[in-house]
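Colleague: Structure file upload-v1.cif (mmCIF, C-alpha atoms) right here:
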data_target
#
loop_
_atom_site.label_atom_id
_atom_site.label_comp_id
_atom_site.auth_asym_id
_atom_site.auth_seq_id
_atom_site.Cartn_x
_atom_site.Cartn_y
_atom_site.Cartn_z
CA MET A 1 82.01 50.28 93.81
CA GLY A 2 79.46 51.52 96.36
CA VAL A 3 76.34 49.51 97.22
CA LYS A 4 74.21 52.54 96.29
CA ASP A 5 75.34 52.22 92.65
CA VAL A 6 74.38 48.52 92.44
CA LYS A 7 71.17 47.35 90.76
CA PRO A 8 69.58 44.61 92.91
CA THR A 9 68.91 42.17 90.08
CA ARG A 10 69.77 38.50 89.59
CA SER A 11 71.75 39.28 86.43
CA GLU A 12 73.82 41.79 88.41
CA LEU A 13 74.38 39.16 91.11
CA ILE A 14 75.67 36.68 88.50
CA GLU A 15 77.93 39.37 87.03
CA LEU A 16 79.34 40.21 90.46
CA LYS A 17 80.08 36.53 91.18
CA LYS A 18 82.05 36.38 87.92
CA LYS A 19 84.00 39.54 88.83
CA ILE A 20 84.80 38.20 92.32
CA LYS A 21 86.03 34.90 90.90
CA LEU A 22 88.15 36.73 88.32
CA SER A 23 89.55 39.12 90.95
CA GLN A 24 90.39 36.24 93.31
CA GLY A 25 92.17 34.41 90.48
CA GLY A 26 94.12 37.55 89.58
CA HIS A 27 94.96 38.10 93.25
CA LYS A 28 96.35 34.56 93.56
CA LEU A 29 98.49 34.94 90.41
CA LEU A 30 99.83 38.33 91.51
CA LYS A 31 100.76 36.95 94.94
CA MET A 32 102.67 34.13 93.23
CA LYS A 33 104.43 36.65 91.00
CA ARG A 34 105.27 38.90 93.98
CA ASP A 35 106.69 35.97 95.97
CA GLY A 36 108.67 34.75 92.95
CA LEU A 37 110.14 38.20 92.32
CA ILE A 38 111.14 38.53 96.00
CA LEU A 39 112.98 35.18 95.80
CA GLU A 40 114.75 36.31 92.61
CA PHE A 41 115.60 39.64 94.27
CA PHE A 42 117.28 38.03 97.28
CA GLU A 43 119.19 35.59 95.08
CA ILE A 44 120.57 38.44 92.93
CA LEU A 45 121.18 40.59 96.03
CA GLY A 46 123.67 37.98 97.24
CA LYS A 47 125.51 38.22 93.91
CA ALA A 48 125.44 42.02 94.10
CA LYS A 49 127.16 42.00 97.50
CA ASP A 50 129.91 39.71 96.15
CA VAL A 51 130.39 41.83 93.03
CA ARG A 52 130.51 45.06 95.04
CA THR A 53 133.19 43.55 97.33
CA GLU A 54 135.18 42.35 94.30
CA LEU A 55 134.76 45.75 92.62
CA ASP A 56 136.12 47.60 95.68
CA ALA A 57 139.05 45.18 95.90
CA ALA A 58 139.80 45.53 92.16
CA TYR A 59 139.73 49.33 92.49
CA GLU A 60 142.22 49.20 95.38
CA VAL A 61 144.59 46.96 93.36
CA ALA A 62 144.28 49.13 90.22
CA SER A 63 144.90 52.36 92.17
CA ARG A 64 147.96 50.88 93.87
CA ARG A 65 149.42 49.51 90.64
CA ILE A 66 148.93 52.70 88.63
CA ALA A 67 150.65 54.67 91.41
CA ILE A 68 153.64 52.29 91.26
CA ALA A 69 153.73 52.43 87.43
CA ASN A 70 153.68 56.24 87.50
CA ALA A 71 156.51 56.28 90.04
CA VAL A 72 158.73 53.74 88.23
CA ASP A 73 158.01 54.40 84.51
CA GLY A 74 156.87 58.01 84.84
CA ILE A 75 153.43 59.56 84.28
CA ILE A 76 154.24 60.58 80.67
CA THR A 77 155.29 57.02 79.74
CA VAL A 78 152.18 55.52 81.34
CA LYS A 79 149.89 58.01 79.56
CA SER A 80 151.57 57.54 76.17
CA THR A 81 151.31 53.77 76.64
CA SER A 82 147.59 54.07 77.29
CA PHE A 83 147.14 56.06 74.05
CA ALA A 84 148.97 53.30 72.14
CA LEU A 85 146.46 50.64 73.21
CA GLN A 86 144.74 48.91 70.31
CA GLY A 87 141.30 47.37 70.15
CA LYS A 88 138.67 49.16 72.18
CA PRO A 89 136.37 47.13 74.43
CA GLU A 90 132.95 46.46 72.93
CA ILE A 91 129.76 46.35 74.95
CA GLU A 92 126.49 44.93 73.66
CA LEU A 93 123.34 45.65 75.61
CA GLU A 94 120.66 42.96 75.46
CA SER A 95 117.71 42.14 77.69
CA ARG A 96 116.26 39.14 79.48
CA ASN A 97 112.96 38.44 81.14
CA ILE A 98 112.56 37.58 84.83
CA MET A 99 108.89 36.78 85.52
CA GLY A 100 107.70 39.56 83.24
CA VAL A 101 110.36 42.07 84.30
CA VAL A 102 112.72 43.07 81.49
CA VAL A 103 116.25 43.47 82.84
CA PRO A 104 119.54 44.25 81.08
CA LYS A 105 122.10 41.69 79.99
CA ILE A 106 125.45 43.28 79.16
CA GLU A 107 127.80 41.33 76.91
CA SER A 108 131.36 42.66 76.71
CA SER A 109 134.37 41.65 74.67
CA SER A 110 138.03 42.73 74.35
CA VAL A 111 138.11 44.12 77.89
CA HIS A 112 140.73 41.89 79.49
CA LYS A 113 143.58 41.41 76.99
CA THR A 114 146.88 39.60 76.81
CA LEU A 115 150.10 41.61 76.49
CA ASP A 116 150.21 40.95 72.73
CA GLU A 117 146.61 42.07 72.24
CA ARG A 118 147.20 45.46 73.89
CA GLY A 119 149.30 46.53 70.92
CA TYR A 120 151.97 48.64 72.60
CA GLY A 121 155.62 47.69 72.46
CA ILE A 122 157.25 46.31 75.59
CA VAL A 123 160.31 48.52 75.05
CA GLY A 124 160.13 51.61 77.25
CA THR A 125 157.64 50.11 79.68
CA SER A 126 158.15 47.92 82.70
CA SER A 127 156.08 45.09 84.12
CA TYR A 128 154.53 47.68 86.47
CA THR A 129 152.72 49.36 83.57
CA ASP A 130 151.58 45.97 82.29
CA GLU A 131 150.26 45.07 85.74
CA ALA A 132 148.44 48.41 85.98
CA ALA A 133 146.83 47.86 82.57
CA ASP A 134 145.86 44.33 83.59
CA SER A 135 144.30 45.44 86.88
CA TYR A 136 142.28 48.24 85.21
CA GLU A 137 140.92 45.80 82.63
CA ILE A 138 139.77 43.54 85.47
CA LEU A 139 138.23 46.58 87.17
CA VAL A 140 136.28 47.48 84.02
CA GLU A 141 134.93 43.91 83.82
CA LYS A 142 133.75 44.17 87.44
CA ILE A 143 132.10 47.55 86.71
CA ILE A 144 130.19 46.05 83.74
CA LEU A 145 128.99 43.12 85.85
CA ALA A 146 128.02 45.41 88.74
CA ALA A 147 126.08 47.67 86.35
CA GLU A 148 124.08 44.68 85.06
CA ILE A 149 123.33 43.26 88.51
CA GLU A 150 122.52 46.57 90.22
CA THR A 151 120.21 47.69 87.39
CA THR A 152 118.46 44.31 87.60
CA ILE A 153 117.97 44.76 91.36
CA LYS A 154 116.51 48.27 90.82
CA LYS A 155 114.05 47.03 88.20
CA LEU A 156 113.03 44.02 90.33
CA LEU A 157 112.42 46.29 93.34
CA GLU A 158 110.23 48.60 91.24
CA ASP A 159 108.15 45.68 89.96
CA ILE A 160 107.88 44.09 93.43
CA GLU A 161 106.45 47.38 94.79
CA LYS A 162 104.06 47.70 91.85
CA THR A 163 102.89 44.08 92.24
CA LYS A 164 102.47 44.52 96.03
CA ARG A 165 100.26 47.58 95.45
CA ARG A 166 98.08 45.61 93.03
CA VAL A 167 97.83 42.65 95.44
CA ASN A 168 96.82 44.97 98.30
CA ALA A 169 94.31 46.85 96.13
CA LEU A 170 92.59 43.58 95.19
CA GLU A 171 92.78 42.11 98.70
CA PHE A 172 91.71 45.12 100.74
CA LYS A 173 89.61 47.20 98.32
CA VAL A 174 88.37 45.59 95.12
CA ILE A 175 87.35 42.12 96.40
CA PRO A 176 85.77 43.37 99.69
CA GLU A 177 83.74 46.00 97.77
CA LEU A 178 82.54 43.40 95.26
CA GLN A 179 81.57 41.04 98.10
CA GLU A 180 79.78 43.85 99.91
CA ALA A 181 77.82 44.67 96.76
CA MET A 182 76.98 40.98 96.26
CA ASN A 183 75.73 40.65 99.87
CA PHE A 184 73.64 43.79 99.41
CA ILE A 185 71.98 42.35 96.29
CA ARG A 186 71.29 39.03 98.03
CA LEU A 187 69.66 40.80 101.00
CA ARG A 188 67.65 43.07 98.70
CA LEU A 189 66.48 40.13 96.58
CA GLU A 190 65.43 38.26 99.74
CA GLU A 191 63.49 41.32 100.90
CA MET A 192 61.79 41.63 97.52
CA GLU A 193 60.96 37.92 97.62
CA ARG A 194 59.36 38.30 101.07
CA GLU A 195 57.42 41.37 99.93
CA ASN A 196 56.09 39.48 96.90
CA THR A 197 55.12 36.49 99.05
CA PHE A 198 53.32 38.79 101.53
CA ARG A 199 51.54 40.58 98.65
CA LEU A 200 50.40 37.26 97.11
CA LYS A 201 49.04 36.11 100.48
CA ARG A 202 47.06 39.34 100.85
CA ILE A 203 45.63 38.98 97.34
CA LYS A 204 44.64 35.33 98.04
CA GLY A 205 43.14 36.43 101.37
#
Just dump the structure as structure tokens.

Modeller:
Amino acid sequence: MGVKDVKPTRSELIELKKKIKLSQGGHKLLKMKRDGLILEFFEILGKAKDVRTELDAAYEVASRRIAIANAVDGIITVKSTSFALQGKPEIELESRNIMGVVVPKIESSSVHKTLDERGYGIVGTSSYTDEAADSYEILVEKIILAAEIETTIKKLLEDIEKTKRRVNALEFKVIPELQEAMNFIRLRLEEMERENTFRLKRIKG
């Protein structure tokens, strides 16, 4: 809003005061939201680092165990065992709200199973294949958790940036322009008041 576009009237002055008050209130709320989101972000970031470390460790274990299983039981036996697995893991994607930001919540079931639940016979396989299956199930659980946390971080970062832009726009553009327009109207009304007073004095004279 430029001062040239402003009508120097008392009604416009009242309207501008309302807009400034509203903008200042919105600015305060957005700053609170931004600060809250940043706190949430750093809290989840700590979890993300832990999950990423656990995920890397789980991958190392799974890779090592599958290599041993392939060497001891044979690649064909390991592959045929994997095809005999019963009960596929189920993943349910939900959502939750963090200060207005909708983030994913991934619920999984039947990922980590007991030996009985896997459904393949123990004849023809060694404990190495069982350990490999176990470690890959743990790895999948870590991947699901990492996907949830890392997507949440991405969405929080996007909303933090968007909120920061809105805070800055209000703080450095909208509110100063409104205040400038209000000051212009006040000065113009004072000038008009002086001109009217001077005119009345001349008429009386």

Colleague: Would you write out, as a list in words, every residue that the PyMOL selection byres ((chain A and resi 152) around 10) captures in this file?

Modeller: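 Output of the PyMOL selection byres ((chain A and resi 152) around 10): Phe41, Ile44, Leu45, Ala48, Arg96, Ile98, Val101, Val102, Val103, Pro104, Lys105, Ala146, Ala147, Glu148, Ile149, Glu150, Thr151, Ile153, Lys154, Lys155, Leu156, Leu157 and Glu158 of chain A.
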
Colleague: Looking at only C-alpha atoms, which of A:Asn168, A:Thr197, A:Thr163, A:Thr77 is the one that sits closest to Asp130 (chain A)?

Modeller: A:Thr77

Colleague: Quote the spacing between CA of Val72 (chain A) and CA of Ala133 (chain A) in Å to one decimal place.

Modeller: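 A separation of 14.4 Å between them.
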
Colleague: Measuring atom to atom with only C-alpha atoms, identify which of A:Gly26, A:Ser127, A:Ile20, A:Glu40 is nearest to Asp73 (chain A).

Modeller: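 Comparing A:Gly26, A:Ser127, A:Ile20, A:Glu40 against Asp73 (chain A), the winner is A:Ser127.
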
Colleague: Could you tell me how far CA of Val167 (chain A) lies from CA of Phe184 (chain A), in Å and to one decimal?

Modeller: 24.5 Å

Colleague: Nearest to Ile144 (chain A) among A:Ala57, A:Ala132, A:Phe172, A:Val51, with distances taken over all atoms listed in the file: which residue is it?

Modeller: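 Checking each of A:Ala57, A:Ala132, A:Phe172, A:Val51 against Ile144 (chain A), counting all atoms listed in the file, the winner is A:Val51.
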
Colleague: To one decimal place, how far is CA of Arg186 (chain A) from CA of Lys18 (chain A) in Å?

Modeller: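 The value is 15.0 Å.
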
Colleague: Written as a PyMOL selection string, what is the full residue list that the PyMOL selection byres ((chain A and resi 61) around 12) yields on the file shown?

Modeller: chain A and resi 54-60+62-68+131-139

Colleague: Would you list the contacts of Pro176 (chain A) as a PyMOL selection string, taking every protein, DNA or RNA residue within 12 Å and counting only C-alpha atoms, but skipping same-chain residues closer than 5 positions in sequence?

Modeller: chain A and resi 1-3+16+19-20+23-24+168-171+181-183

Colleague: Choose the residue, out of A:Lys88, A:Lys28, A:Arg188, A:Lys162, that has the smallest atom-to-atom separation from Val6 (chain A); count all atoms listed in the file.

Modeller: A:Arg188

Colleague: Would you write out, as a CSV table (one decimal) with C-alpha atoms, keeping the file's coordinate frame, every residue that the PyMOL selection byres ((chain A and resi 33) around 10) captures in this file?

Modeller:
chain,number,residue,atom,x,y,z
A,27,HIS,CA,95.0,38.1,93.2
A,28,LYS,CA,96.4,34.6,93.6
A,29,LEU,CA,98.5,34.9,90.4
A,30,LEU,CA,99.8,38.3,91.5
A,31,LYS,CA,100.8,37.0,94.9
A,32,MET,CA,102.7,34.1,93.2
A,34,ARG,CA,105.3,38.9,94.0
A,35,ASP,CA,106.7,36.0,96.0
A,36,GLY,CA,108.7,34.8,93.0
A,37,LEU,CA,110.1,38.2,92.3
A,38,ILE,CA,111.1,38.5,96.0
A,39,LEU,CA,113.0,35.2,95.8
A,99,MET,CA,108.9,36.8,85.5
A,100,GLY,CA,107.7,39.6,83.2
A,159,ASP,CA,108.2,45.7,90.0
A,160,ILE,CA,107.9,44.1,93.4
A,163,THR,CA,102.9,44.1,92.2
A,164,LYS,CA,102.5,44.5,96.0
A,167,VAL,CA,97.8,42.6,95.4

Colleague: Looking at all atoms listed in the file, which of A:Asn196, A:Gly74, A:Leu189, A:Glu43 is the one that sits closest to Arg10 (chain A)?

Modeller: A:Leu189
